[in-house]
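Printed here is work17.cif (mmCIF, C-alpha atoms):
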data_structure
#
loop_
_atom_site.label_atom_id
_atom_site.label_comp_id
_atom_site.auth_asym_id
_atom_site.auth_seq_id
_atom_site.Cartn_x
_atom_site.Cartn_y
_atom_site.Cartn_z
CA MET A 119 5.25 -16.03 10.59
CA HIS A 120 8.50 -14.83 9.06
CA GLU A 121 8.02 -12.01 11.58
CA VAL A 122 9.67 -14.29 14.18
CA ALA A 123 12.82 -14.39 12.06
CA LEU A 124 12.60 -10.63 11.55
CA ALA A 125 12.13 -10.02 15.27
CA ARG A 126 15.13 -12.23 16.10
CA ASP A 127 17.22 -10.27 13.62
CA LEU A 128 15.91 -6.97 14.98
CA LEU A 129 16.86 -7.94 18.54
CA LYS A 130 20.35 -8.91 17.35
CA HIS A 131 20.79 -5.53 15.62
CA VAL A 132 19.53 -3.66 18.69
CA GLU A 133 21.73 -5.54 21.15
CA SER A 134 24.80 -5.03 18.97
CA ARG A 135 24.35 -1.27 19.50
CA LEU A 136 24.27 -1.40 23.31
CA ASP A 137 27.74 -0.67 24.66
CA SER A 138 26.97 -1.11 28.34
CA ASP A 139 25.09 -3.50 30.61
CA ARG A 140 23.66 -0.55 32.48
CA ILE A 141 21.37 0.75 29.79
CA ARG A 142 17.98 -0.34 28.62
CA VAL A 143 16.08 0.22 25.40
CA LEU A 144 12.99 2.41 25.60
CA ARG A 145 12.01 2.71 21.98
CA ILE A 146 12.84 1.19 18.61
CA ASP A 147 12.01 2.92 15.33
CA ILE A 148 11.84 0.90 12.15
CA ALA A 149 10.70 1.74 8.64
CA VAL A 150 8.86 -0.84 6.58
CA GLY A 151 7.96 -0.56 2.91
CA ALA A 152 4.29 -1.19 2.15
CA ALA A 153 5.14 -4.01 -0.27
CA ALA A 154 7.42 -5.86 2.17
CA GLY A 155 4.62 -8.03 3.54
CA VAL A 156 5.38 -7.46 7.22
CA ILE A 157 2.52 -7.61 9.72
CA ALA A 158 3.28 -4.96 12.36
CA ASP A 159 1.36 -6.65 15.19
CA SER A 160 3.04 -10.01 14.54
CA LEU A 161 6.45 -8.36 14.58
CA ARG A 162 5.68 -6.61 17.89
CA LEU A 163 4.33 -9.79 19.46
CA ALA A 164 7.35 -11.83 18.39
CA PHE A 165 9.76 -9.14 19.58
CA ASP A 166 8.07 -8.80 22.97
CA LEU A 167 8.44 -12.54 23.56
CA LEU A 168 12.04 -12.76 22.33
CA ALA A 169 13.17 -9.68 24.27
CA VAL A 170 12.16 -11.03 27.70
CA GLY A 171 15.24 -11.00 29.93
CA THR A 172 17.26 -8.78 27.58
CA ARG A 173 18.03 -5.06 27.81
CA ALA A 174 15.35 -4.51 25.17
CA GLU A 175 12.57 -6.06 27.25
CA GLY A 176 9.52 -3.81 27.25
CA ALA A 177 10.84 -1.52 24.51
CA GLU A 178 8.15 0.06 22.40
CA ILE A 179 8.37 -0.54 18.67
CA PHE A 180 7.31 2.27 16.34
CA ILE A 181 6.79 1.22 12.76
CA ASN A 182 6.88 3.90 10.10
CA SER A 183 5.15 2.50 7.03
CA LEU A 184 6.61 3.85 3.79
CA PRO A 185 4.59 3.88 0.58
CA ALA A 186 5.75 1.57 -2.21
CA ARG A 187 6.47 2.82 -5.74
CA SER A 188 5.81 1.08 -9.04
CA ARG A 189 6.17 1.97 -12.70
CA CYS A 190 3.04 1.24 -14.71
CA THR A 191 3.68 -1.18 -17.59
CA GLU A 192 0.83 0.41 -19.58
CA CYS A 193 1.50 4.17 -19.46
CA GLY A 194 4.87 4.43 -17.69
CA THR A 195 3.58 6.52 -14.79
CA ILE A 196 5.44 6.10 -11.51
CA PHE A 197 2.87 5.88 -8.74
CA GLU A 198 2.80 5.29 -4.99
CA PHE A 199 0.58 2.86 -3.08
CA GLU A 200 0.23 1.65 0.48
CA SER A 201 -0.54 -2.05 0.07
CA LEU A 202 1.17 -5.11 -1.38
CA ILE A 203 0.09 -4.20 -4.90
CA GLY A 204 -1.51 -1.04 -6.29
CA ASN A 205 -3.30 0.44 -9.30
CA CYS A 206 -1.75 3.06 -11.55
CA THR A 207 -3.02 6.49 -10.50
CA GLU A 208 -3.17 7.61 -14.16
CA CYS A 209 -4.63 4.74 -16.18
CA GLY A 210 -5.86 2.44 -13.43
CA ARG A 211 -3.90 -0.61 -14.55
CA LEU A 212 -3.15 -3.07 -11.77
CA GLY A 213 0.43 -3.75 -10.71
CA GLY A 214 3.59 -2.81 -12.55
CA GLU A 215 7.30 -2.96 -11.97
CA LEU A 216 8.08 -2.45 -8.28
CA LEU A 217 10.71 0.26 -7.79
CA SER A 218 10.77 0.44 -3.98
CA GLY A 219 8.73 -0.61 -0.98
CA SER A 220 10.15 -3.93 0.16
CA GLU A 221 12.78 -2.50 2.53
CA ILE A 222 12.79 -3.18 6.26
CA THR A 223 15.17 -0.80 8.05
CA LEU A 224 16.11 -0.30 11.69
CA ARG A 225 16.27 3.49 11.86
CA SER A 226 17.18 4.24 15.50
CA ILE A 227 16.87 3.14 19.09
CA GLU A 228 16.25 5.21 22.17
CA VAL A 229 18.08 4.09 25.30
CA ALA A 230 18.33 5.22 28.93
CA ASP A 231 20.69 4.52 31.83
CA VAL A 232 19.56 2.18 34.55
CA MET B 32 13.71 6.64 43.28
CA CYS B 33 12.40 3.48 41.82
CA ASP B 34 14.68 1.53 39.48
CA THR B 35 12.20 -0.86 37.98
CA CYS B 36 9.09 0.95 36.82
CA GLY B 37 10.76 3.63 34.76
CA CYS B 38 9.35 6.53 36.84
CA GLU B 39 12.76 8.11 36.68
CA THR B 40 14.52 7.81 33.37
CA ARG B 41 18.06 9.12 33.17
CA GLY B 42 20.39 9.69 30.29
CA VAL B 43 17.84 9.23 27.56
CA ARG B 44 19.48 9.33 24.14
CA THR B 45 18.85 8.21 20.59
CA ILE B 46 21.26 6.01 18.67
CA ASP B 47 20.96 6.29 14.89
CA VAL B 48 21.33 2.90 13.24
CA ASN B 49 19.91 2.84 9.68
CA GLU B 50 20.62 -0.83 9.00
CA ARG B 51 18.60 -3.14 6.76
CA LEU B 52 17.09 -6.07 8.64
CA LEU B 53 17.97 -9.56 7.46
CA ALA B 54 21.37 -8.22 6.43
CA SER B 55 22.99 -11.18 8.18
CA ASN B 56 20.86 -13.56 6.09
CA SER B 57 21.97 -11.68 2.99
CA SER B 58 25.65 -11.99 3.89
CA THR B 59 25.30 -15.75 4.50
CA ALA B 60 23.41 -15.97 1.20
CA GLU B 61 26.32 -14.21 -0.49
CA HIS B 62 28.70 -16.73 1.09
CA ASN B 63 26.55 -19.55 -0.36
CA ARG B 64 26.59 -17.84 -3.75
CA GLN B 65 30.41 -17.69 -3.73
CA HIS B 66 30.46 -21.40 -2.81
CA PHE B 67 28.24 -22.14 -5.83
CA ILE B 68 30.31 -19.98 -8.16
CA ALA B 69 33.56 -21.67 -7.02
CA ARG B 70 32.06 -25.06 -7.94
CA ARG B 71 30.31 -23.78 -11.06
CA THR B 72 27.06 -24.97 -9.53
CA PHE B 73 23.79 -23.51 -10.73
CA ALA B 74 21.44 -23.15 -7.74
CA ILE B 75 17.67 -22.89 -8.00
CA ASN B 76 15.36 -21.91 -5.14
CA LEU B 77 12.11 -23.80 -5.77
CA MET B 78 9.23 -22.25 -3.87
CA GLY B 79 5.46 -22.61 -4.05
CA THR B 80 2.27 -23.79 -2.50
CA PRO B 81 2.15 -27.05 -0.51
CA GLY B 82 0.85 -29.64 -2.95
CA ALA B 83 1.57 -27.68 -6.13
CA GLY B 84 3.86 -30.52 -7.22
CA LYS B 85 7.32 -29.16 -6.42
CA THR B 86 8.74 -32.58 -5.55
CA ALA B 87 6.89 -34.22 -8.48
CA LEU B 88 8.41 -31.59 -10.79
CA LEU B 89 11.86 -32.44 -9.41
CA GLU B 90 11.23 -36.18 -9.93
CA ALA B 91 10.24 -35.51 -13.54
CA THR B 92 13.26 -33.23 -13.95
CA ILE B 93 15.68 -35.84 -12.60
CA GLY B 94 14.09 -38.51 -14.83
CA ARG B 95 14.64 -36.48 -18.00
CA TRP B 96 17.86 -34.65 -17.21
CA ARG B 97 20.34 -35.73 -19.89
CA SER B 98 23.64 -34.27 -18.98
CA ASN B 99 27.00 -35.20 -17.58
CA GLN B 100 26.21 -32.91 -14.72
CA ARG B 101 24.29 -34.39 -11.83
CA ILE B 102 21.40 -33.02 -9.82
CA ALA B 103 21.49 -32.55 -6.05
CA VAL B 104 18.56 -31.42 -3.92
CA VAL B 105 18.28 -29.71 -0.54
CA GLU B 106 14.78 -30.54 0.69
CA GLY B 107 13.07 -28.21 3.15
CA ASP B 108 9.98 -29.33 5.04
CA GLN B 109 8.56 -28.65 8.47
CA ALA B 110 8.72 -32.35 9.22
CA THR B 111 9.59 -35.79 7.80
CA ALA B 112 12.24 -36.95 5.34
CA ARG B 113 9.67 -38.22 2.86
CA ASP B 114 10.66 -35.84 0.06
CA SER B 115 14.40 -36.52 0.24
CA ALA B 116 13.57 -40.25 0.04
CA ARG B 117 11.50 -39.56 -3.11
CA ILE B 118 14.38 -37.60 -4.66
CA ARG B 119 16.86 -40.41 -3.95
CA SER B 120 14.46 -42.95 -5.48
CA ALA B 121 14.31 -40.74 -8.58
CA GLY B 122 18.09 -40.97 -8.86
CA ALA B 123 19.55 -37.78 -7.40
CA SER B 124 21.34 -37.06 -4.13
CA ALA B 125 19.33 -35.27 -1.44
CA VAL B 126 19.76 -33.71 1.98
CA GLN B 127 16.71 -33.11 4.13
CA VAL B 128 16.31 -30.02 6.30
CA GLU B 129 13.48 -30.22 8.81
CA THR B 130 12.59 -26.68 9.83
CA GLY B 131 10.31 -27.62 12.75
CA LEU B 132 8.32 -24.48 13.54
CA GLY B 133 10.12 -22.57 10.80
CA CYS B 134 7.99 -21.62 7.82
CA HIS B 135 10.85 -21.06 5.37
CA LEU B 136 14.48 -21.93 4.69
CA ASP B 137 17.09 -19.30 5.52
CA ALA B 138 20.60 -18.94 4.14
CA ALA B 139 22.24 -20.40 7.28
CA GLN B 140 20.14 -23.60 7.10
CA VAL B 141 21.12 -24.01 3.45
CA HIS B 142 24.75 -23.34 4.33
CA ARG B 143 24.70 -26.11 6.95
CA ALA B 144 22.94 -28.47 4.53
CA LEU B 145 25.57 -27.80 1.85
CA HIS B 146 28.18 -29.53 4.00
CA GLY B 147 26.23 -32.73 3.36
CA VAL B 148 25.98 -32.24 -0.42
CA GLU B 149 28.67 -33.36 -2.84
CA LEU B 150 28.71 -30.90 -5.69
CA GLY B 151 30.75 -31.64 -8.79
CA GLU B 152 31.82 -29.19 -11.46
CA GLY B 153 28.73 -27.75 -13.12
CA ASP B 154 26.16 -29.71 -11.13
CA LEU B 155 22.63 -28.44 -10.72
CA LEU B 156 21.39 -27.77 -7.19
CA PHE B 157 17.71 -27.45 -6.39
CA ILE B 158 16.72 -26.06 -3.00
CA GLU B 159 13.11 -27.08 -2.46
CA ASN B 160 11.73 -24.57 0.00
CA VAL B 161 9.00 -25.15 2.58
CA GLY B 162 5.60 -25.09 0.83
CA ASN B 163 4.36 -21.58 1.62
CA LEU B 164 3.52 -18.56 -0.54
CA VAL B 165 4.45 -15.98 2.10
CA CYS B 166 7.64 -16.32 4.12
CA PRO B 167 10.20 -17.83 1.69
CA ALA B 168 9.89 -14.74 -0.54
CA LEU B 169 11.85 -12.71 2.01
CA PHE B 170 14.92 -14.91 2.34
CA ASP B 171 17.77 -14.92 -0.16
CA LEU B 172 19.48 -18.31 -0.04
CA GLY B 173 22.29 -17.48 -2.46
CA GLU B 174 20.46 -19.02 -5.43
CA HIS B 175 20.89 -17.94 -9.05
CA LEU B 176 17.29 -18.54 -10.02
CA ARG B 177 14.00 -18.28 -8.15
CA VAL B 178 11.10 -20.42 -9.26
CA VAL B 179 7.53 -20.43 -7.93
CA VAL B 180 5.42 -23.53 -8.59
CA THR B 181 1.65 -23.21 -8.54
CA SER B 182 -1.26 -25.18 -10.00
CA PRO B 183 -4.74 -24.63 -11.51
CA THR B 184 -6.61 -26.05 -8.51
CA GLU B 185 -5.41 -23.09 -6.44
CA GLY B 186 -7.51 -20.63 -8.46
CA VAL B 187 -6.50 -17.69 -10.64
CA ASP B 188 -6.03 -15.06 -7.97
CA LYS B 189 -2.95 -16.32 -6.08
CA PRO B 190 -0.57 -13.81 -7.71
CA LEU B 191 -2.78 -10.98 -6.42
CA LYS B 192 -3.10 -12.49 -2.96
CA TYR B 193 0.62 -13.18 -2.54
CA PRO B 194 2.41 -10.44 -4.53
CA PRO B 195 5.85 -10.61 -2.81
CA MET B 196 6.21 -14.29 -3.72
CA PHE B 197 5.30 -13.85 -7.39
CA ARG B 198 7.39 -10.68 -7.53
CA ALA B 199 10.41 -12.61 -6.25
CA ALA B 200 10.17 -15.22 -9.01
CA ASP B 201 12.25 -15.34 -12.17
CA ILE B 202 10.12 -18.23 -13.42
CA VAL B 203 6.53 -19.10 -12.53
CA VAL B 204 5.64 -22.73 -13.25
CA LEU B 205 1.99 -23.62 -13.67
CA ASN B 206 2.11 -27.33 -12.91
CA LYS B 207 -0.71 -29.91 -13.18
CA CYS B 208 -1.75 -28.48 -16.54
CA ASP B 209 -3.40 -31.84 -17.30
CA LEU B 210 -6.14 -30.56 -14.94
CA LEU B 211 -6.84 -27.39 -16.96
CA GLU B 212 -9.73 -29.02 -18.83
CA HIS B 213 -11.31 -30.22 -15.58
CA VAL B 214 -11.25 -27.13 -13.38
CA PRO B 215 -12.71 -23.62 -13.86
CA PHE B 216 -9.33 -21.93 -14.20
CA GLN B 217 -9.08 -18.99 -16.63
CA LEU B 218 -5.53 -19.21 -17.93
CA GLU B 219 -5.57 -15.73 -19.50
CA GLU B 220 -6.82 -14.11 -16.33
CA TRP B 221 -4.18 -15.88 -14.22
CA THR B 222 -1.45 -14.88 -16.72
CA SER B 223 -2.51 -11.23 -16.53
CA TYR B 224 -2.27 -11.37 -12.71
CA VAL B 225 1.21 -12.89 -12.83
CA PHE B 226 2.42 -10.10 -15.13
CA ALA B 227 0.63 -7.46 -13.02
CA THR B 228 2.73 -8.47 -9.99
CA ASN B 229 5.88 -9.24 -11.99
CA PRO B 230 6.18 -7.92 -15.57
CA ASN B 231 9.52 -9.73 -16.01
CA ALA B 232 8.39 -13.24 -15.04
CA THR B 233 8.76 -16.17 -17.42
CA ILE B 234 5.76 -18.51 -17.33
CA ILE B 235 6.20 -22.23 -18.01
CA ARG B 236 3.32 -24.73 -18.14
CA THR B 237 4.04 -28.29 -17.09
CA SER B 238 2.43 -31.50 -15.99
CA ALA B 239 4.86 -33.45 -13.84
CA LEU B 240 2.36 -36.34 -14.03
CA THR B 241 2.12 -36.69 -17.82
CA GLY B 242 5.50 -35.14 -18.63
CA ASP B 243 3.98 -32.40 -20.79
CA GLY B 244 6.06 -29.24 -20.74
CA ILE B 245 8.98 -30.82 -18.87
CA ASP B 246 11.28 -30.54 -21.91
CA GLY B 247 10.50 -26.82 -22.15
CA TRP B 248 11.24 -26.43 -18.44
CA LEU B 249 14.59 -28.22 -18.85
CA ARG B 250 15.47 -26.06 -21.85
CA GLU B 251 14.74 -22.92 -19.83
CA ILE B 252 16.95 -24.09 -16.96
CA GLU B 253 19.75 -24.95 -19.37
CA LYS B 254 19.39 -21.57 -21.05
CA ARG B 255 19.65 -19.73 -17.72
CA ARG B 256 22.50 -21.94 -16.53
CA SER B 257 24.64 -21.54 -19.65
CA GLY B 258 23.84 -17.80 -19.68
CA LEU B 259 25.25 -17.49 -16.17
CA MET B 260 28.31 -19.59 -16.95
CA MET B 261 29.05 -17.46 -20.04
CA GLU B 262 28.67 -14.33 -17.94
CA LYS B 263 31.10 -15.68 -15.32
CA ALA B 264 33.54 -16.85 -17.97
CA GLY B 265 33.37 -13.48 -19.76
#
In structure tokens, how does this file's structure come out?
Amino acid sequence: MHEVALARDLLKHVESRLDSDRIRVLRIDIAVGAAAGVIADSLRLAFDLLAVGTRAEGAEIFINSLPARSRCTECGTIFEFESLIGNCTECGRLGGELLSGSEITLRSIEVADV
Amino acid sequence: MCDTCGCETRGVRTIDVNERLLASNSSTAEHNRQHFIARRTFAINLMGTPGAGKTALLEATIGRWRSNQRIAVVEGDQATARDSARIRSAGASAVQVETGLGCHLDAAQVHRALHGVELGEGDLLFIENVGNLVCPALFDLGEHLRVVVTSPTEGVDKPLKYPPMFRAADIVVLNKCDLLEHVPFQLEEWTSYVFATNPNATIIRTSALTGDGIDGWLREIEKRRSGLMMEKAG
């Protein structure tokens, strides 16, 4: 459940962007690489619990899952996949050198006045 | 209109952020790294399955470490100070971190623990993480070297089931190799799975129980440590 630590960090990032007590957060958009190993439902659950009593309570979290990219160690092809590890789309070899896909980024938040 | 149910929403606007999560962990990790560099300490984050023999590997390491530099250990466990007591019995200094509900060590916990560790010039610091093949992979502690310890009784497919952990490792230690002849573990298959998740990993086979492979493990650590020191000196 490293999602609890992620959710705590997410809440901290969100709150640092709120410049007034009289606004609340409606929506949070984050992007998560497919190889990051983040369970979306666990992250939402943890965030919902941690956000109780804050200006982000009840905010909806939208998670945009980004494909991961690896370079095949057999044929050199750069291929995309949407899980923790993938097969080369050219030669079928499993795995390879991960080029991207482990990022977890807070993209934007949507707020409203109260 | 109603203020509580959101039936009237005013002043809706989007704030662009574009910040990496866990950035605060990374900056504390960087602080730890500077602390290590200032003391010429080589820091190793030792991760792995519960029961793979991480503490036994450390005991064997402490027993055979022949150097003027000492070994210190930060021990992470959910509960008990049993492992730090084992490390002290083996002859090294140890600080225990009990993480409670936490499933991993983070950079801030290590930072706090470092205040209780006396590090001399060139000492070796092991940070034994909470036994877990998932969460610790995500948290930079400021270490120079990441090691994953696993064992034949866990089966050959762990690298495929826990790719982020094996991907994070500089060195993968297959401990308990004295059991290889007793369990149906296909070494070649396991090796191919390690390299599938992490083509750059170095694999070391040890038995902390019999001592086999420990000298090779120590040589590898010394190689990495002196490589880093040369780099810093250059």
- Considering all atoms listed in the file, extract the chain A residues located within 7 Å of chain B and return them as a ChimeraX atom specification. /A:119-120,124,127-128,155,202-203,212-215,222-232
- Message: Report, in Å to a single decimal, how far apart CA of Thr86 (chain B) and CA of Leu164 (chain B) are.
- Response: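 These atoms are spaced 15.8 Å apart.
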- Pairwise distance for CA of Pro190 (chain B) and CA of Gly244 (chain B), rounded to one decimal in Å: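 Taking CA of Pro190 (chain B) as the start and CA of Gly244 (chain B) as the end point, the length is 21.3 Å.
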- Task: Between CA of Ser182 (chain B) and CA of Ile235 (chain B), measure the distance and give it in Å to one decimal.
- Result: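 We find that CA of Ser182 (chain B) and CA of Ile235 (chain B) lie 11.3 Å from each other.
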- Query: Written as a ChimeraX atom specification, what is the full residue list that the PyMOL selection byres ((chain A and resi 210) around 12) yields on the file shown?
  - Reply: /A:190-195,197,204-209,211-214 /B:227
- Item | Picked residues, the PyMOL selection byres ((chain B and resi 88-90) around 9), expected as an MDAnalysis selection string | chainID B and resid 84:87 91:95 104 117:118 120:123 157 159 180 206 237:240 245
For the structure shown, which residues end up in the PyMOL selection byres ((chain B and resi 172) around 6)? Put them as a short mmCIF file (atom, residue, chain, number, x, y, z; two decimals) with C-alpha atoms, in the coordinates of the input, please?
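Resulting contents of part-v9.cif:
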data_model
loop_
_atom_site.label_atom_id
_atom_site.label_comp_id
_atom_site.auth_asym_id
_atom_site.auth_seq_id
_atom_site.Cartn_x
_atom_site.Cartn_y
_atom_site.Cartn_z
CA ALA B 60 23.41 -15.97 1.20
CA ALA B 138 20.60 -18.94 4.14
CA ASP B 171 17.77 -14.92 -0.16
CA GLY B 173 22.29 -17.48 -2.46
CA GLU B 174 20.46 -19.02 -5.43
#
